[in-house]
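K.L.:
Pasting a structure below so you can have a look.
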Amino acid sequence: MAASEGVLLGMGNPLLDISAVVDDAFLAKYDIKLNNAILAEEKHSPMYDELASNSNVEYIAGGATQNSIRVAQWMLQTPGATSYMGCIGKDKFGEEMKKNAQAAGVTAHYYEDETAPTGTCAVCVVGGERSLIANLSAANCYKSEHLKRPENWALVEKAKYIYIAGFFLTVSPDSIQLVAEHAAANNKVFLMNLSAPFICEFFYDAQEKVLPYADFIFGNETEAKIFAKVRGWETENVEEIALKISQLPLASGKQKRIAVITQGADPVVVAEDGKVKTFPVILLPKEKLVDTNGAGDAFVGGFLSRLVQGKSIEDCVTAGCYAANVVIQRPGCTYPEKPDFN
């Protein structure tokens with residue numbers, strides 16, 4: 001069946017990825033660890049210009065949630081099946097972002113901030129692995145007032161599935177709360193992502209407040225282990241952690257939760273109804289790997305594209321693995337014109 005218009009809504013931090021292949025000296029200079037995602041500090045300021053002057057630099061529309069929504073849209077191939085909200089600046093990068101969303105077929109309602117520039121994310125690639133350093137700028141200025149405007153709240157009303165990455169917890173927890181409560185009251189599916197170790201560690205309270213509303217929680221093995229550690233669970237076993245996440249308390253009106261944890265090239269772990277299943281991923285020869293930037297986002301996008309069509313969890317995972325496999329063979333979270341997935 002074709003997906004209905006606006007069935008899937010995402011909210012998050014729209015960022016323009018500034019992506020380049022760098023070396024270990026560059027990582028050391030700016031104190032960057034591979035496979036991590038952090039917010040920029042003072043010491044990272046000169047890094048953006050240095051990346052921009054790199055001969056292999058690429059500018060790619062990014063931001064975790066926006067990536068997932070674009071990939072879901074690509075997999076669905078039904079224009080306007082997805083929508084997205086976040087904050088950009090009134091500048092060249094902001095215009096790029098609008099063009100990109102439109103070309104992708106996503107209905108984007110951006111809040112445009114008058115003063116802050118559009119947010120950027122430095123993507124430093126070494127040996128195909130990536131590290132992300134986000135300079136949120138305008139993305140950090142999203143306000144729930146924008147969400148409450150009738151033309152924007154209409155996107156919430158229309159959606160049956162709402163996905164928000166954990167990164168948005170640092171920006172507008174009240175917006176998240178509004179849509180989470182709306183989903184619970186209207187029997188809609190609300191999905192969240194752990195997103196990064198720092199979210200699990202330093203935004204514990206904000207995360208804790210919204211988790212009971214989540215029907216699905218996504219994450220990778222590193223985030224899952226930190227999530228367990230800050231809760232004193234004393235286990236590094238990803239299957240155990242996924243099970244515990246699925247069994248965390250639920251808000252009223254919620255029936256159950258499914259936890260989905262990816263582990264790079266290792267199997268995807270799914271915990272549901274007190275049971276754990278694992279699904280192998282499509283292995284890729286090392287020489288075909290371009291970069292892992294957007295792999296987790298693409299997995300979620302593929303997964304969502306089947307979930308909104310009422311498919312089984314197994315089908316959702318297969319679609320997620322397919323989308324991630326496509327994206328890691330290309331720079332950033334990009335994909336060919338049409339998916340080749342049955």
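We label chains A, B, ... in the order they appear in the structure tokens, count residues from 1 in each chain, and number ligands from 1 in the order shown.
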Counting only C-alpha atoms, what is within 12 Å of A:Glu201, bar same-chain residues fewer than 5 positions away, as JSON, numbers by chain?

P.N.:
{"A": [38, 166, 194, 195, 196, 206, 207, 208, 222, 223, 224, 225, 226, 227, 228, 229, 230, 231, 232]}

K.L.:
Could you name the residues that touch stretch 20-26 of chain A at 7 Å or less, counting only C-alpha atoms, but leaving out those on the same chain fewer than 4 positions away, as a VMD selection string?

P.N.:
chain A and resid 30 51 54 56 to 58 123 to 126

K.L.:
How would the residues just chosen look if you wrote them out with C-alpha atoms as a tab-separated table (two decimals), in the first residue's frame?

P.N.:
chain	number	residue	atom	x	y	z
A	30	TYR	CA	41.01	19.24	17.79
A	51	LEU	CA	37.66	21.70	6.83
A	54	ASN	CA	40.13	20.98	2.35
A	56	ASN	CA	37.81	17.09	-0.84
A	57	VAL	CA	35.22	18.97	1.26
A	58	GLU	CA	31.52	18.32	0.58
A	123	VAL	CA	32.11	15.47	9.65
A	124	CYS	CA	35.70	14.28	10.01
A	125	VAL	CA	36.33	11.01	8.17
A	126	VAL	CA	39.34	8.75	8.77

K.L.:
At a cut-off of 9 Å, using only C-alpha atoms, what residues contact stretch 169-178 of chain A? Leave out same-chain residues fewer than 2 positions from it and give the result as a short mmCIF file (atom, residue, chain, number, x, y, z; two decimals) with all heavy atoms, in the first residue's frame.

P.N.:
data_model
loop_
_atom_site.label_atom_id
_atom_site.label_comp_id
_atom_site.auth_asym_id
_atom_site.auth_seq_id
_atom_site.Cartn_x
_atom_site.Cartn_y
_atom_site.Cartn_z
N MET A 11 11.08 15.84 13.88
CA MET A 11 11.47 17.16 14.40
C MET A 11 12.89 17.05 14.91
O MET A 11 13.24 16.08 15.58
CB MET A 11 10.56 17.57 15.55
CG MET A 11 9.12 17.81 15.13
SD MET A 11 8.12 18.23 16.57
CE MET A 11 8.77 19.87 16.92
N GLY A 12 13.71 18.06 14.59
CA GLY A 12 15.10 17.98 15.04
C GLY A 12 15.94 19.17 14.64
O GLY A 12 15.41 20.25 14.37
N ASN A 13 17.24 18.94 14.61
CA ASN A 13 18.22 20.00 14.33
C ASN A 13 18.70 19.90 12.89
O ASN A 13 19.50 19.02 12.57
CB ASN A 13 19.43 19.87 15.26
CG ASN A 13 19.05 19.92 16.72
OD1 ASN A 13 18.01 20.48 17.09
ND2 ASN A 13 19.86 19.33 17.58
N ALA A 139 19.81 26.07 14.71
CA ALA A 139 19.08 24.85 15.10
C ALA A 139 18.72 24.89 16.58
O ALA A 139 17.71 24.34 17.02
CB ALA A 139 19.90 23.61 14.78
N ASN A 140 19.57 25.59 17.35
CA ASN A 140 19.38 25.69 18.80
C ASN A 140 18.26 26.67 19.18
O ASN A 140 17.90 26.78 20.35
CB ASN A 140 20.70 26.14 19.44
CG ASN A 140 20.79 25.74 20.90
OD1 ASN A 140 20.21 24.74 21.31
ND2 ASN A 140 21.52 26.51 21.68
N CYS A 141 17.72 27.37 18.19
CA CYS A 141 16.74 28.44 18.46
C CYS A 141 15.29 28.00 18.25
O CYS A 141 14.38 28.82 18.29
CB CYS A 141 17.02 29.65 17.58
SG CYS A 141 18.69 30.31 17.81
N TYR A 142 15.07 26.70 18.00
CA TYR A 142 13.69 26.26 17.77
C TYR A 142 12.84 26.51 19.01
O TYR A 142 13.27 26.28 20.13
CB TYR A 142 13.62 24.77 17.39
CG TYR A 142 12.23 24.42 16.89
CD1 TYR A 142 11.87 24.64 15.57
CD2 TYR A 142 11.24 23.95 17.76
CE1 TYR A 142 10.59 24.39 15.11
CE2 TYR A 142 9.96 23.69 17.32
CZ TYR A 142 9.63 23.91 16.00
OH TYR A 142 8.35 23.68 15.55
N LYS A 143 11.62 27.01 18.80
CA LYS A 143 10.72 27.33 19.91
C LYS A 143 9.39 26.60 19.71
O LYS A 143 8.91 26.46 18.58
CB LYS A 143 10.43 28.83 19.96
CG LYS A 143 11.67 29.73 20.00
CD LYS A 143 12.19 29.91 21.42
CE LYS A 143 13.37 30.89 21.45
NZ LYS A 143 14.59 30.38 20.82
N SER A 144 8.78 26.20 20.82
CA SER A 144 7.50 25.50 20.73
C SER A 144 6.39 26.41 20.19
O SER A 144 5.37 25.93 19.72
CB SER A 144 7.10 24.92 22.09
OG SER A 144 7.07 25.91 23.08
N GLU A 145 6.63 27.74 20.20
CA GLU A 145 5.65 28.68 19.61
C GLU A 145 5.45 28.36 18.12
O GLU A 145 4.34 28.44 17.61
CB GLU A 145 6.12 30.15 19.71
CG GLU A 145 6.04 30.76 21.09
CD GLU A 145 7.08 30.19 22.06
OE1 GLU A 145 8.29 30.33 21.76
OE2 GLU A 145 6.69 29.59 23.07
N LEU A 147 5.88 25.43 16.71
CA LEU A 147 5.14 24.16 16.65
C LEU A 147 3.64 24.37 16.83
O LEU A 147 2.83 23.72 16.19
CB LEU A 147 5.69 23.23 17.75
CG LEU A 147 4.97 21.91 18.00
CD1 LEU A 147 5.08 21.00 16.78
CD2 LEU A 147 5.55 21.21 19.23
N LYS A 148 3.29 25.33 17.71
CA LYS A 148 1.88 25.55 18.05
C LYS A 148 1.10 26.32 16.99
O LYS A 148 -0.12 26.37 17.04
CB LYS A 148 1.78 26.28 19.39
CG LYS A 148 2.20 25.44 20.59
CD LYS A 148 2.21 26.31 21.85
CE LYS A 148 2.76 25.57 23.05
NZ LYS A 148 3.14 26.51 24.12
N ILE A 164 11.73 11.54 16.67
CA ILE A 164 12.61 12.63 17.12
C ILE A 164 13.91 12.04 17.67
O ILE A 164 13.88 11.20 18.57
CB ILE A 164 11.93 13.49 18.21
CG1 ILE A 164 10.61 14.09 17.68
CG2 ILE A 164 12.86 14.58 18.72
CD1 ILE A 164 9.86 14.93 18.71
N ALA A 165 15.03 12.48 17.14
CA ALA A 165 16.32 12.02 17.66
C ALA A 165 16.58 12.68 19.02
O ALA A 165 16.11 13.78 19.28
CB ALA A 165 17.44 12.34 16.67
N GLY A 166 17.36 12.01 19.85
CA GLY A 166 17.69 12.53 21.18
C GLY A 166 18.38 13.88 21.15
O GLY A 166 18.30 14.64 22.12
N PHE A 167 19.04 14.20 20.03
CA PHE A 167 19.74 15.49 19.92
C PHE A 167 18.82 16.67 20.17
O PHE A 167 19.25 17.72 20.65
CB PHE A 167 20.37 15.64 18.53
CG PHE A 167 21.51 14.71 18.25
CD1 PHE A 167 21.45 13.81 17.18
CD2 PHE A 167 22.66 14.72 19.04
CE1 PHE A 167 22.51 12.95 16.91
CE2 PHE A 167 23.73 13.86 18.77
CZ PHE A 167 23.64 12.97 17.71
N ALA A 180 4.83 14.20 22.17
CA ALA A 180 4.81 12.90 22.85
C ALA A 180 3.46 12.69 23.53
O ALA A 180 2.86 11.61 23.42
CB ALA A 180 5.93 12.82 23.88
N GLU A 181 2.95 13.74 24.18
CA GLU A 181 1.65 13.65 24.86
C GLU A 181 0.52 13.53 23.83
O GLU A 181 -0.43 12.78 24.04
CB GLU A 181 1.44 14.85 25.79
CG GLU A 181 2.31 14.76 27.03
CD GLU A 181 2.28 16.01 27.90
OE1 GLU A 181 1.47 16.93 27.61
OE2 GLU A 181 3.08 16.07 28.86
N HIS A 182 0.65 14.26 22.72
CA HIS A 182 -0.34 14.17 21.65
C HIS A 182 -0.40 12.73 21.11
O HIS A 182 -1.49 12.18 20.90
CB HIS A 182 0.01 15.14 20.51
CG HIS A 182 -0.75 14.89 19.23
ND1 HIS A 182 -1.99 15.41 19.01
CD2 HIS A 182 -0.44 14.14 18.14
CE1 HIS A 182 -2.43 14.99 17.81
NE2 HIS A 182 -1.49 14.23 17.27
N ALA A 183 0.78 12.13 20.91
CA ALA A 183 0.84 10.76 20.39
C ALA A 183 0.17 9.78 21.36
O ALA A 183 -0.60 8.92 20.95
CB ALA A 183 2.29 10.36 20.13
N ILE A 199 24.23 12.64 25.18
CA ILE A 199 22.80 12.83 25.47
C ILE A 199 22.42 11.93 26.66
O ILE A 199 21.78 12.38 27.60
CB ILE A 199 21.92 12.49 24.24
CG1 ILE A 199 22.23 13.42 23.06
CG2 ILE A 199 20.43 12.52 24.60
CD1 ILE A 199 21.70 14.83 23.18
N PHE A 203 22.09 14.68 29.51
CA PHE A 203 20.69 15.12 29.38
C PHE A 203 19.76 14.03 29.91
O PHE A 203 18.68 13.81 29.41
CB PHE A 203 20.38 15.52 27.92
CG PHE A 203 21.11 16.78 27.52
CD1 PHE A 203 22.40 16.72 27.04
CD2 PHE A 203 20.52 18.02 27.70
CE1 PHE A 203 23.10 17.89 26.72
CE2 PHE A 203 21.20 19.18 27.39
CZ PHE A 203 22.50 19.12 26.90
N ALA A 206 16.09 15.13 31.02
CA ALA A 206 15.22 15.43 29.86
C ALA A 206 14.85 14.13 29.15
O ALA A 206 13.70 13.93 28.75
CB ALA A 206 15.94 16.37 28.91
N GLN A 207 15.84 13.24 29.03
CA GLN A 207 15.61 11.96 28.36
C GLN A 207 14.63 11.10 29.16
O GLN A 207 13.69 10.52 28.62
CB GLN A 207 16.96 11.23 28.21
CG GLN A 207 16.95 10.07 27.24
CD GLN A 207 18.30 9.37 27.18
OE1 GLN A 207 18.90 9.06 28.20
NE2 GLN A 207 18.80 9.13 25.98
N LYS A 209 12.35 11.96 31.16
CA LYS A 209 10.99 12.50 31.17
C LYS A 209 10.19 12.07 29.94
O LYS A 209 8.98 11.86 30.01
CB LYS A 209 11.06 14.04 31.24
CG LYS A 209 9.75 14.67 31.64
CD LYS A 209 9.86 16.18 31.82
CE LYS A 209 8.46 16.77 31.90
NZ LYS A 209 8.43 18.19 31.58
N VAL A 210 10.88 11.90 28.82
CA VAL A 210 10.18 11.61 27.57
C VAL A 210 10.16 10.12 27.20
O VAL A 210 9.30 9.66 26.47
CB VAL A 210 10.76 12.50 26.43
CG1 VAL A 210 12.11 12.04 25.98
CG2 VAL A 210 9.80 12.58 25.26
N TYR A 213 7.02 7.78 26.95
CA TYR A 213 6.11 7.99 25.81
C TYR A 213 6.56 7.26 24.56
O TYR A 213 5.81 7.18 23.58
CB TYR A 213 6.01 9.49 25.49
CG TYR A 213 5.33 10.29 26.58
CD1 TYR A 213 6.09 10.92 27.57
CD2 TYR A 213 3.95 10.41 26.62
CE1 TYR A 213 5.47 11.64 28.58
CE2 TYR A 213 3.32 11.13 27.62
CZ TYR A 213 4.08 11.73 28.61
OH TYR A 213 3.46 12.44 29.60
#

K.L.:
Give me the residues near A:Leu304 as number ranges by chain, where near means some atom within 10 Å (using only C-alpha atoms) and where sequence neighbours in that chain fewer than 2 positions away do not count.

P.N.:
A: 8, 68-69, 71-73, 75-76, 161-163, 191, 298-302, 306-311, 316-317, 319-320

K.L.:
Restricted to N, CA, C and O atoms, what would the selected residues look like written as a compact mmCIF listing (two decimals), in the first residue's frame?

P.N.:
# COMPACT_ATOMS: atom_id res chain seq x y z
N LEU A 8 4.32 10.40 8.35
CA LEU A 8 5.51 10.41 9.21
C LEU A 8 6.03 11.83 9.41
O LEU A 8 6.27 12.54 8.44
N SER A 68 17.06 10.83 8.61
CA SER A 68 16.15 9.68 8.70
C SER A 68 14.87 9.92 7.91
O SER A 68 14.38 9.03 7.21
N ILE A 69 14.35 11.14 8.00
CA ILE A 69 13.10 11.47 7.30
C ILE A 69 13.32 11.46 5.78
O ILE A 69 12.50 10.94 5.03
N VAL A 71 15.57 9.73 4.13
CA VAL A 71 15.75 8.34 3.70
C VAL A 71 14.41 7.60 3.67
O VAL A 71 14.12 6.86 2.73
N ALA A 72 13.56 7.84 4.68
CA ALA A 72 12.23 7.21 4.70
C ALA A 72 11.45 7.66 3.47
O ALA A 72 10.80 6.86 2.79
N GLN A 73 11.55 8.95 3.17
CA GLN A 73 10.86 9.53 2.01
C GLN A 73 11.35 8.89 0.70
O GLN A 73 10.56 8.52 -0.16
N MET A 75 12.75 5.92 0.39
CA MET A 75 12.31 4.52 0.36
C MET A 75 10.83 4.41 0.00
O MET A 75 10.40 3.46 -0.64
N LEU A 76 10.03 5.39 0.44
CA LEU A 76 8.58 5.35 0.20
C LEU A 76 8.21 5.75 -1.22
O LEU A 76 7.22 5.27 -1.77
N TYR A 161 2.90 8.63 12.79
CA TYR A 161 4.18 8.23 13.38
C TYR A 161 5.03 9.49 13.55
O TYR A 161 5.14 10.27 12.60
N ILE A 162 5.61 9.67 14.73
CA ILE A 162 6.43 10.86 14.98
C ILE A 162 7.80 10.42 15.51
O ILE A 162 7.89 9.71 16.52
N TYR A 163 8.85 10.82 14.79
CA TYR A 163 10.21 10.42 15.16
C TYR A 163 11.05 11.64 15.52
O TYR A 163 11.08 12.63 14.79
N LEU A 191 8.50 7.70 18.37
CA LEU A 191 9.79 7.02 18.33
C LEU A 191 10.92 7.96 18.66
O LEU A 191 10.93 9.12 18.24
N ALA A 298 20.16 6.42 8.43
CA ALA A 298 19.59 5.73 7.28
C ALA A 298 18.89 4.45 7.71
O ALA A 298 17.82 4.11 7.20
N PHE A 299 19.48 3.76 8.69
CA PHE A 299 18.85 2.55 9.21
C PHE A 299 17.45 2.89 9.74
O PHE A 299 16.47 2.22 9.41
N VAL A 300 17.37 3.94 10.53
CA VAL A 300 16.07 4.36 11.09
C VAL A 300 15.11 4.74 9.96
O VAL A 300 13.93 4.37 9.98
N GLY A 301 15.62 5.47 8.96
CA GLY A 301 14.78 5.89 7.83
C GLY A 301 14.19 4.70 7.08
O GLY A 301 12.98 4.66 6.78
N GLY A 302 15.03 3.71 6.81
CA GLY A 302 14.57 2.50 6.13
C GLY A 302 13.54 1.76 6.98
O GLY A 302 12.49 1.32 6.48
N ARG A 306 9.03 1.14 6.31
CA ARG A 306 8.22 -0.07 6.32
C ARG A 306 7.23 -0.08 7.49
O ARG A 306 6.11 -0.58 7.35
N LEU A 307 7.65 0.50 8.60
CA LEU A 307 6.76 0.56 9.78
C LEU A 307 5.47 1.31 9.47
O LEU A 307 4.38 0.89 9.84
N VAL A 308 5.60 2.45 8.76
CA VAL A 308 4.41 3.27 8.47
C VAL A 308 3.47 2.58 7.47
O VAL A 308 2.34 3.00 7.29
N GLN A 309 3.97 1.51 6.85
CA GLN A 309 3.13 0.72 5.94
C GLN A 309 2.58 -0.53 6.62
O GLN A 309 2.03 -1.42 5.97
N GLY A 310 2.78 -0.60 7.95
CA GLY A 310 2.23 -1.72 8.71
C GLY A 310 2.95 -3.04 8.53
O GLY A 310 2.40 -4.10 8.79
N LYS A 311 4.23 -2.98 8.11
CA LYS A 311 4.99 -4.22 7.88
C LYS A 311 5.53 -4.80 9.20
O LYS A 311 5.56 -4.11 10.22
N CYS A 316 10.94 -4.36 8.65
CA CYS A 316 11.46 -3.02 8.99
C CYS A 316 12.98 -3.06 9.14
O CYS A 316 13.69 -2.19 8.63
N VAL A 317 13.48 -4.07 9.86
CA VAL A 317 14.93 -4.21 10.06
C VAL A 317 15.65 -4.45 8.73
O VAL A 317 16.69 -3.84 8.45
N ALA A 319 14.71 -3.50 5.76
CA ALA A 319 14.71 -2.22 5.03
C ALA A 319 15.72 -1.26 5.62
O ALA A 319 16.41 -0.53 4.90
N GLY A 320 15.84 -1.26 6.94
CA GLY A 320 16.83 -0.41 7.62
C GLY A 320 18.24 -0.78 7.23
O GLY A 320 19.07 0.08 6.91

K.L.:
Output as a tab-separated table one row per residue of stretch 34-102 of chain A within 9 Å of stretch 108-115 of chain A: the closest atom pair and its distance in Å to one decimal place, counting only C-alpha atoms, sorted by chain and residue number ascending.

P.N.:
residue	atom	partner	partner_atom	distance
A:Thr82	CA	A:Ala108	CA	8.7
A:Ser83	CA	A:Ala108	CA	5.6
A:Tyr84	CA	A:Ala108	CA	4.8
A:Met85	CA	A:His109	CA	5.1
A:Gly86	CA	A:Tyr110	CA	5.3
A:Cys87	CA	A:Tyr111	CA	4.6
A:Ile88	CA	A:Glu112	CA	5.1
A:Gly89	CA	A:Asp113	CA	5.0
A:Lys90	CA	A:Glu112	CA	6.1
A:Gly94	CA	A:Glu112	CA	8.3
A:Lys98	CA	A:Ala108	CA	7.4
A:Ala101	CA	A:Ala108	CA	6.4
A:Gln102	CA	A:Ala108	CA	7.5

K.L.:
Any chance you can output those residues with N, CA, C and O atoms as a short mmCIF file (atom, residue, chain, number, x, y, z; two decimals), in the first residue's frame?

P.N.:
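New file again-v1.cif:
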data_model
loop_
_atom_site.label_atom_id
_atom_site.label_comp_id
_atom_site.auth_asym_id
_atom_site.auth_seq_id
_atom_site.Cartn_x
_atom_site.Cartn_y
_atom_site.Cartn_z
N THR A 82 6.20 12.31 4.07
CA THR A 82 6.90 12.70 5.29
C THR A 82 6.94 14.21 5.45
O THR A 82 6.87 14.95 4.47
N SER A 83 7.07 14.64 6.70
CA SER A 83 7.24 16.08 6.96
C SER A 83 8.27 16.27 8.06
O SER A 83 8.62 15.33 8.78
N TYR A 84 8.74 17.51 8.18
CA TYR A 84 9.86 17.78 9.10
C TYR A 84 9.80 19.22 9.59
O TYR A 84 9.43 20.13 8.84
N MET A 85 10.19 19.41 10.86
CA MET A 85 10.30 20.77 11.43
C MET A 85 11.62 20.92 12.18
O MET A 85 12.11 19.98 12.80
N GLY A 86 12.19 22.11 12.09
CA GLY A 86 13.42 22.45 12.78
C GLY A 86 13.74 23.90 12.45
O GLY A 86 13.01 24.53 11.69
N CYS A 87 14.83 24.41 13.02
CA CYS A 87 15.14 25.84 12.83
C CYS A 87 16.41 26.05 12.02
O CYS A 87 17.45 25.45 12.29
N ILE A 88 16.29 26.93 11.01
CA ILE A 88 17.45 27.31 10.18
C ILE A 88 17.62 28.83 10.24
O ILE A 88 16.76 29.53 10.76
N GLY A 89 18.71 29.32 9.67
CA GLY A 89 18.93 30.76 9.60
C GLY A 89 18.46 31.30 8.26
O GLY A 89 18.19 30.54 7.33
N LYS A 90 18.38 32.63 8.17
CA LYS A 90 18.02 33.26 6.89
C LYS A 90 19.32 33.54 6.14
O LYS A 90 19.84 34.65 6.14
N GLY A 94 20.74 28.08 4.69
CA GLY A 94 19.31 27.86 4.96
C GLY A 94 18.54 27.63 3.67
O GLY A 94 17.67 26.77 3.59
N LYS A 98 16.40 24.28 2.33
CA LYS A 98 15.02 24.30 1.83
C LYS A 98 14.94 23.61 0.47
O LYS A 98 14.03 22.81 0.22
N ALA A 101 15.34 19.77 0.90
CA ALA A 101 14.14 19.09 1.43
C ALA A 101 13.09 18.96 0.33
O ALA A 101 12.46 17.91 0.17
N GLN A 102 12.95 20.03 -0.43
CA GLN A 102 11.96 20.04 -1.51
C GLN A 102 12.31 18.98 -2.56
O GLN A 102 11.44 18.20 -2.99
#

K.L.:
Can you list every residue in stretch 90-182 of chain A that DSSP puts in strand (DSSP E or B), as an MDAnalysis selection string?

P.N.:
chainID A and resid 107:113 120:126 129:135 161:165

K.L.:
List the neighbours of A:Leu34 out to 7 Å using only C-alpha atoms; skip same-chain residues closer than 4 positions along the sequence, and give me the result as a compact mmCIF listing (two decimals) with all heavy atoms, in the first residue's frame.

P.N.:
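What follows is the written file around.txt:
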# COMPACT_ATOMS: atom_id res chain seq x y z
N GLU A 129 35.55 5.75 8.96
CA GLU A 129 34.81 6.02 10.20
C GLU A 129 34.66 7.52 10.34
O GLU A 129 35.49 8.29 9.88
CB GLU A 129 35.57 5.46 11.41
CG GLU A 129 35.92 3.98 11.31
CD GLU A 129 34.71 3.06 11.40
OE1 GLU A 129 33.65 3.50 11.88
OE2 GLU A 129 34.82 1.90 10.99
N ARG A 130 33.58 7.94 11.04
CA ARG A 130 33.33 9.37 11.12
C ARG A 130 33.26 9.87 12.56
O ARG A 130 32.95 9.14 13.49
CB ARG A 130 32.02 9.71 10.38
CG ARG A 130 30.77 9.02 10.93
CD ARG A 130 30.17 9.77 12.10
NE ARG A 130 28.96 9.19 12.63
CZ ARG A 130 28.74 9.02 13.93
NH1 ARG A 130 29.67 9.31 14.81
NH2 ARG A 130 27.58 8.55 14.37
N SER A 131 33.55 11.16 12.73
CA SER A 131 33.30 11.84 13.99
C SER A 131 32.53 13.12 13.68
O SER A 131 32.82 13.80 12.70
CB SER A 131 34.60 12.18 14.72
OG SER A 131 34.29 12.61 16.03

K.L.:
From a DSSP calculation on the backbone, collect every residue of stretch 90-252 of chain A in alpha helix (DSSP H) and output the set as a ChimeraX atom specification.

P.N.:
/A:92-104,144-148,150-158,173-185,197-202,204-210,221-230,238-246

K.L.:
For atom CA of A:Ala154 and atom CA of A:Gly6, quote the distance in Å rounded to one decimal.

P.N.:
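Distance between the two atoms: 9.7 Å.
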
K.L.:
Which neighbours of A:Pro285 fall inside 12 Å, counting only C-alpha atoms, when residues of the same chain fewer than 3 positions from it are skipped, and could you give them as a PDB file with N, CA and C atoms, in the first residue's frame?

P.N.:
ATOM      1  N   GLY A 128      37.126   5.698   6.672  1.00  0.00           N
ATOM      2  CA  GLY A 128      35.710   5.369   6.533  1.00  0.00           C
ATOM      3  C   GLY A 128      34.879   5.582   7.791  1.00  0.00           C
ATOM      4  N   ALA A 265      28.737  -3.484  12.024  1.00  0.00           N
ATOM      5  CA  ALA A 265      28.703  -4.679  11.169  1.00  0.00           C
ATOM      6  C   ALA A 265      28.122  -5.900  11.896  1.00  0.00           C
ATOM      7  N   ILE A 282      23.830  -6.562   6.269  1.00  0.00           N
ATOM      8  CA  ILE A 282      24.461  -6.873   4.980  1.00  0.00           C
ATOM      9  C   ILE A 282      25.931  -6.458   5.106  1.00  0.00           C
ATOM     10  N   LYS A 288      34.646  -0.989  -0.236  1.00  0.00           N
ATOM     11  CA  LYS A 288      33.434  -0.319  -0.735  1.00  0.00           C
ATOM     12  C   LYS A 288      32.916   0.732   0.245  1.00  0.00           C
ATOM     13  N   LEU A 289      33.466   0.720   1.469  1.00  0.00           N
ATOM     14  CA  LEU A 289      33.024   1.672   2.484  1.00  0.00           C
ATOM     15  C   LEU A 289      33.560   3.066   2.174  1.00  0.00           C
ATOM     16  N   VAL A 290      32.667   4.051   2.024  1.00  0.00           N
ATOM     17  CA  VAL A 290      33.097   5.434   1.805  1.00  0.00           C
ATOM     18  C   VAL A 290      33.148   6.142   3.157  1.00  0.00           C
ATOM     19  N   ASN A 325      23.215   0.238   4.218  1.00  0.00           N
ATOM     20  CA  ASN A 325      24.206  -0.317   3.302  1.00  0.00           C
ATOM     21  C   ASN A 325      24.418   0.593   2.093  1.00  0.00           C
ATOM     22  N   ILE A 328      26.377   3.978   3.370  1.00  0.00           N
ATOM     23  CA  ILE A 328      27.801   3.890   3.731  1.00  0.00           C
ATOM     24  C   ILE A 328      28.710   3.729   2.499  1.00  0.00           C
ATOM     25  N   GLN A 329      28.098   3.508   1.349  1.00  0.00           N
ATOM     26  CA  GLN A 329      28.899   3.433   0.118  1.00  0.00           C
ATOM     27  C   GLN A 329      28.956   4.780  -0.599  1.00  0.00           C
TER      28      GLN A 329
END

K.L.:
Between atom CA of A:Phe303 and atom CA of A:Cys321, what is the distance in Å, rounded to a tenth?

P.N.:
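Between atom CA of A:Phe303 and atom CA of A:Cys321 the gap works out to 8.1 Å.
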
K.L.:
For A:Pro14, which residue out of A:Ala40, A:Leu136, A:Ala116, A:Ala81 is the nearest one, using only C-alpha atoms?

P.N.:
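So, comparing all the options, the nearest one is A:Leu136.
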
K.L.:
Do you have the atom CA of A:Thr107-atom CA of A:Leu9 distance handy?

P.N.:
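Between these atoms lies a distance of 9.2 Å.
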
K.L.:
From the set A:Gln255, A:Ser137, A:Thr334, A:Thr120, which residue has the shortest atom-to-atom contact distance to A:Asn187, counting only C-alpha atoms?

P.N.:
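The answer is A:Gln255, which sits nearest to A:Asn187.
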
K.L.:
Compare A:Leu16, A:Ala159, A:Cys200, A:Met192 by their minimum atom-to-atom distance to A:Glu96, counting only C-alpha atoms, and give me the closest one.

P.N.:
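Under the stated criterion, the closest residue is A:Leu16.
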